[in-house]
Amino acid sequence: MHATLSPSWKKSLLLVFVSVVAFVTATPATSGPQCFFQGLGFLPGGNFSGAFGVSANGTVVVGSSGSLPPPTTRIQAFRWTAASGMVGLGFLPGANRSDATGVNADGTVVVGVSGDRSLAGGQAFRWVNGTMTGLGFLPGGNESFATGVNADGTVVVGLARDASGAFQASRWTAETRMQSVLTLLQAAGVVTMAGWQLRSANGVSADGTVIVGDGVDPLGNVQAWIARLPEDNEDCKEDENELEGRDQRD
């Protein structure tokens with residue numbers, strides 16, 4: 001003889017089952033990443049801020065903050081962490097404005113530009129351990145901007161005016177100082193950029209050898225570009241497959 005459940009018991013068990021399923025599906029998993037949104041605030045006395053870079057693990061944010069409206073505008077680069085909040089990075093000597101535009105993988109190296117309020121004659125900087133250092137200019141030039149930095153903070157890319165006043169894509173290292181990407185490619189024996197004007201370097205790979213940016217191609221069109229430079233200034237052979245692909249695209 002088999003025991004049978006009464007209709008009321010069956011109904012009660014069904015309600016318990018549905019409740020358990022609803023609880024399991026509605027309760028968020030605690031082991032996964034927690035989503036959030038947060039405003040980062042302002043530097044003291046400021047009323048606006050913008051973030052322009054973040055470290056590889058997302059714990060360090062860089063940008064600039066200041067006060068509006070003109071003519072009292074004062075803009076300063078910042079570095080933000082959850083522990084420290086927003087901290088100003090200061091200015092280069094004689095400057096009254098700075099903007100942070102990039103940060104390396106672990107958040108210890110910040111790059112940007114510092115100059116007057118309009119950034120006319122501004123100079124690219126590299127900030128490490130509380131010290132902001134100017135990265136200089138191209139030979140004969142008087143203006144430079146940093147837009148990106150590689151993973152370990154040793155390679156900085158951006159744009160800088162040359163002796164003629166034209167902007168050139170630039171790369172900085174402690175060993176070579178600031179150089180144009182065009183000059184570096186020519187020194188490496190690369191010929192595919194002949195007729196190009198490389199105006200700005202906007203990003204760099206983790207190892208610092210691949211740079212991307214924008215420029216004017218031989219037909220006068222504004223076009224994105226990618227370039228690989230040799231490591232440690234050694235000679236490199238231009239990729240024959242890339243040459244063939246370029247011929248087909250042209």
# chains A, B, ... in the order shown; residues from 1 in each chain; ligands from 1

call {"tool": "residues_around", "arguments": {"residues": "stretch 104-120 of chain A", "least_positions_apart": "6", "cutoff": "6 Å", "atoms": "only C-alpha atoms", "output": "MDAnalysis selection string"}}
result
chainID A and resid 55:56 60 92 95:98 126:128 145:146 149:151 153

call {"tool": "closest_atom_pairs", "arguments": {"of": "stretch 139-173 of chain A", "to": "stretch 184-204 of chain A", "cutoff": "8 Å", "atoms": "only C-alpha atoms", "output": "tab-separated table"}}
result
residue	atom	partner	partner_atom	distance
A:Thr147	CA	A:Asn202	CA	5.6
A:Gly148	CA	A:Gly203	CA	5.3
A:Val149	CA	A:Val204	CA	6.4
A:Asn150	CA	A:Val204	CA	5.8
A:Val156	CA	A:Val204	CA	7.9
A:Val157	CA	A:Ala201	CA	5.8
A:Gly158	CA	A:Ala201	CA	4.8
A:Leu159	CA	A:Ser200	CA	4.9
A:Phe167	CA	A:Arg199	CA	5.4
A:Gln168	CA	A:Arg199	CA	4.5
A:Ala169	CA	A:Ser200	CA	4.0
A:Ser170	CA	A:Ala201	CA	6.3
A:Arg171	CA	A:Ala201	CA	7.8

call {"tool": "write_last_selection", "arguments": {"atoms": "N, CA and C atoms", "output": "PDB file, in the first residue's frame"}}
result
ATOM      1  N   THR A 147      50.200  61.618 -25.036  1.00  0.00           N
ATOM      2  CA  THR A 147      48.861  61.051 -25.151  1.00  0.00           C
ATOM      3  C   THR A 147      48.766  59.618 -24.644  1.00  0.00           C
ATOM      4  N   GLY A 148      49.897  58.934 -24.488  1.00  0.00           N
ATOM      5  CA  GLY A 148      49.842  57.551 -24.054  1.00  0.00           C
ATOM      6  C   GLY A 148      51.178  57.072 -23.524  1.00  0.00           C
ATOM      7  N   VAL A 149      51.144  55.951 -22.783  1.00  0.00           N
ATOM      8  CA  VAL A 149      52.353  55.406 -22.175  1.00  0.00           C
ATOM      9  C   VAL A 149      52.241  53.886 -22.175  1.00  0.00           C
ATOM     10  N   ASN A 150      53.364  53.212 -22.315  1.00  0.00           N
ATOM     11  CA  ASN A 150      53.334  51.751 -22.341  1.00  0.00           C
ATOM     12  C   ASN A 150      53.195  51.170 -20.938  1.00  0.00           C
ATOM     13  N   VAL A 156      56.760  56.881 -23.873  1.00  0.00           N
ATOM     14  CA  VAL A 156      55.665  57.850 -23.909  1.00  0.00           C
ATOM     15  C   VAL A 156      55.469  58.317 -25.343  1.00  0.00           C
ATOM     16  N   VAL A 157      54.235  58.343 -25.817  1.00  0.00           N
ATOM     17  CA  VAL A 157      53.951  58.793 -27.180  1.00  0.00           C
ATOM     18  C   VAL A 157      53.038  60.005 -27.141  1.00  0.00           C
ATOM     19  N   GLY A 158      53.023  60.746 -28.256  1.00  0.00           N
ATOM     20  CA  GLY A 158      52.185  61.929 -28.347  1.00  0.00           C
ATOM     21  C   GLY A 158      52.436  62.684 -29.633  1.00  0.00           C
ATOM     22  N   LEU A 159      52.504  63.990 -29.524  1.00  0.00           N
ATOM     23  CA  LEU A 159      52.771  64.846 -30.672  1.00  0.00           C
ATOM     24  C   LEU A 159      53.578  66.043 -30.217  1.00  0.00           C
ATOM     25  N   PHE A 167      53.148  69.812 -36.483  1.00  0.00           N
ATOM     26  CA  PHE A 167      53.076  68.750 -35.502  1.00  0.00           C
ATOM     27  C   PHE A 167      53.570  67.433 -36.091  1.00  0.00           C
ATOM     28  N   GLN A 168      54.332  66.708 -35.300  1.00  0.00           N
ATOM     29  CA  GLN A 168      54.827  65.389 -35.680  1.00  0.00           C
ATOM     30  C   GLN A 168      54.472  64.392 -34.578  1.00  0.00           C
ATOM     31  N   ALA A 169      54.096  63.177 -34.994  1.00  0.00           N
ATOM     32  CA  ALA A 169      53.936  62.103 -34.010  1.00  0.00           C
ATOM     33  C   ALA A 169      55.272  61.903 -33.314  1.00  0.00           C
ATOM     34  N   SER A 170      55.240  61.732 -32.003  1.00  0.00           N
ATOM     35  CA  SER A 170      56.489  61.676 -31.248  1.00  0.00           C
ATOM     36  C   SER A 170      56.535  60.474 -30.319  1.00  0.00           C
ATOM     37  N   ARG A 171      57.761  60.092 -29.975  1.00  0.00           N
ATOM     38  CA  ARG A 171      57.989  59.052 -28.971  1.00  0.00           C
ATOM     39  C   ARG A 171      59.126  59.496 -28.064  1.00  0.00           C
TER      40      ARG A 171
END

call {"tool": "atom_distance", "arguments": {"atom1": "atom CA of A:Ala77", "atom2": "atom CA of A:Trp225"}}
result
28.6 Å

call {"tool": "select_by_dssp", "arguments": {"residues": "stretch 13-232 of chain A", "states": "strand (DSSP E or B)", "output": "number ranges by chain"}}
result
A: 48-54, 61-67, 74-81, 85-88, 97-103, 109-115, 123-128, 131-134, 144-149, 156-161, 167-173, 177-180, 197-204, 210-216, 222-228

call {"tool": "select_by_dssp", "arguments": {"residues": "stretch 61-192 of chain A", "states": "alpha helix (DSSP H)", "output": "VMD selection string"}}
result
chain A and resid 181 to 187

call {"tool": "atom_distance", "arguments": {"atom1": "atom CA of A:Phe42", "atom2": "atom CA of A:Glu143"}}
result
27.9 Å

call {"tool": "atom_distance", "arguments": {"atom1": "atom CA of A:Ala82", "atom2": "atom CA of A:Thr59"}}
result
7.3 Å

call {"tool": "closest_residue", "arguments": {"among": "A:Gly102, A:Gly45, A:Gly220, A:Pro230", "to": "A:Gly208", "atoms": "only C-alpha atoms"}}
result
A:Pro230

call {"tool": "closest_residue", "arguments": {"among": "A:Gln123, A:Ser49, A:Asn142, A:Thr209", "to": "A:Thr154", "atoms": "only C-alpha atoms"}}
result
A:Thr209

call {"tool": "decode", "arguments": {"residues": "stretch 56-87 of chain A", "atoms": "N, CA and C atoms", "output": "short mmCIF file (atom, residue, chain, number, x, y, z; two decimals), in the first residue's frame"}}
result
data_model
loop_
_atom_site.label_atom_id
_atom_site.label_comp_id
_atom_site.auth_asym_id
_atom_site.auth_seq_id
_atom_site.Cartn_x
_atom_site.Cartn_y
_atom_site.Cartn_z
N ALA A 56 45.64 49.21 -15.65
CA ALA A 56 45.22 47.94 -16.21
C ALA A 56 44.17 47.24 -15.36
N ASN A 57 44.27 47.35 -14.03
CA ASN A 57 43.30 46.67 -13.18
C ASN A 57 42.16 47.59 -12.73
N GLY A 58 42.13 48.80 -13.25
CA GLY A 58 41.02 49.71 -12.99
C GLY A 58 41.03 50.41 -11.65
N THR A 59 42.13 50.37 -10.93
CA THR A 59 42.16 50.97 -9.59
C THR A 59 42.73 52.38 -9.56
N VAL A 60 43.39 52.80 -10.63
CA VAL A 60 43.98 54.15 -10.70
C VAL A 60 43.39 54.88 -11.90
N VAL A 61 42.84 56.05 -11.66
CA VAL A 61 42.24 56.87 -12.71
C VAL A 61 42.98 58.20 -12.78
N VAL A 62 43.21 58.69 -13.99
CA VAL A 62 43.87 59.99 -14.15
C VAL A 62 43.04 60.89 -15.04
N GLY A 63 43.24 62.19 -14.89
CA GLY A 63 42.50 63.15 -15.69
C GLY A 63 42.84 64.56 -15.25
N SER A 64 41.86 65.45 -15.31
CA SER A 64 42.08 66.83 -14.88
C SER A 64 40.82 67.37 -14.22
N SER A 65 41.03 68.34 -13.34
CA SER A 65 39.92 68.95 -12.62
C SER A 65 40.23 70.43 -12.41
N GLY A 66 39.20 71.23 -12.34
CA GLY A 66 39.42 72.66 -12.16
C GLY A 66 38.15 73.41 -11.87
N SER A 67 38.22 74.71 -12.07
CA SER A 67 37.08 75.57 -11.78
C SER A 67 36.72 76.37 -13.02
N LEU A 68 35.44 76.60 -13.19
CA LEU A 68 34.90 77.42 -14.26
C LEU A 68 34.02 78.49 -13.63
N PRO A 69 33.71 79.60 -14.30
CA PRO A 69 34.09 79.92 -15.69
C PRO A 69 35.39 80.72 -15.76
N PRO A 70 35.86 80.98 -17.01
CA PRO A 70 37.02 81.87 -17.18
C PRO A 70 36.66 83.27 -16.68
N PRO A 71 37.60 84.13 -16.37
CA PRO A 71 39.05 83.93 -16.56
C PRO A 71 39.76 83.32 -15.35
N THR A 72 38.97 82.85 -14.37
CA THR A 72 39.59 82.29 -13.18
C THR A 72 39.84 80.78 -13.31
N THR A 73 39.66 80.25 -14.51
CA THR A 73 39.82 78.82 -14.71
C THR A 73 41.21 78.36 -14.29
N ARG A 74 41.26 77.32 -13.50
CA ARG A 74 42.52 76.72 -13.09
C ARG A 74 42.36 75.21 -13.19
N ILE A 75 43.10 74.60 -14.08
CA ILE A 75 42.96 73.18 -14.36
C ILE A 75 44.24 72.46 -13.95
N GLN A 76 44.07 71.34 -13.25
CA GLN A 76 45.22 70.59 -12.76
C GLN A 76 45.02 69.09 -13.00
N ALA A 77 46.09 68.42 -13.40
CA ALA A 77 46.07 66.97 -13.56
C ALA A 77 45.82 66.31 -12.21
N PHE A 78 45.11 65.17 -12.23
CA PHE A 78 44.89 64.44 -11.00
C PHE A 78 45.14 62.95 -11.18
N ARG A 79 45.35 62.31 -10.05
CA ARG A 79 45.43 60.84 -9.95
C ARG A 79 44.47 60.42 -8.85
N TRP A 80 43.59 59.46 -9.15
CA TRP A 80 42.56 59.04 -8.20
C TRP A 80 42.69 57.56 -7.88
N THR A 81 42.58 57.22 -6.60
CA THR A 81 42.38 55.83 -6.17
C THR A 81 41.29 55.85 -5.12
N ALA A 82 40.71 54.70 -4.85
CA ALA A 82 39.66 54.63 -3.84
C ALA A 82 40.19 55.02 -2.48
N ALA A 83 41.45 54.71 -2.22
CA ALA A 83 42.03 55.00 -0.91
C ALA A 83 42.38 56.47 -0.74
N SER A 84 42.94 57.09 -1.78
CA SER A 84 43.43 58.47 -1.65
C SER A 84 42.43 59.51 -2.10
N GLY A 85 41.45 59.09 -2.92
CA GLY A 85 40.59 60.06 -3.55
C GLY A 85 41.34 60.79 -4.65
N MET A 86 40.86 61.96 -5.05
CA MET A 86 41.47 62.73 -6.13
C MET A 86 42.61 63.59 -5.59
N VAL A 87 43.80 63.39 -6.14
CA VAL A 87 44.99 64.11 -5.69
C VAL A 87 45.59 64.87 -6.87
#
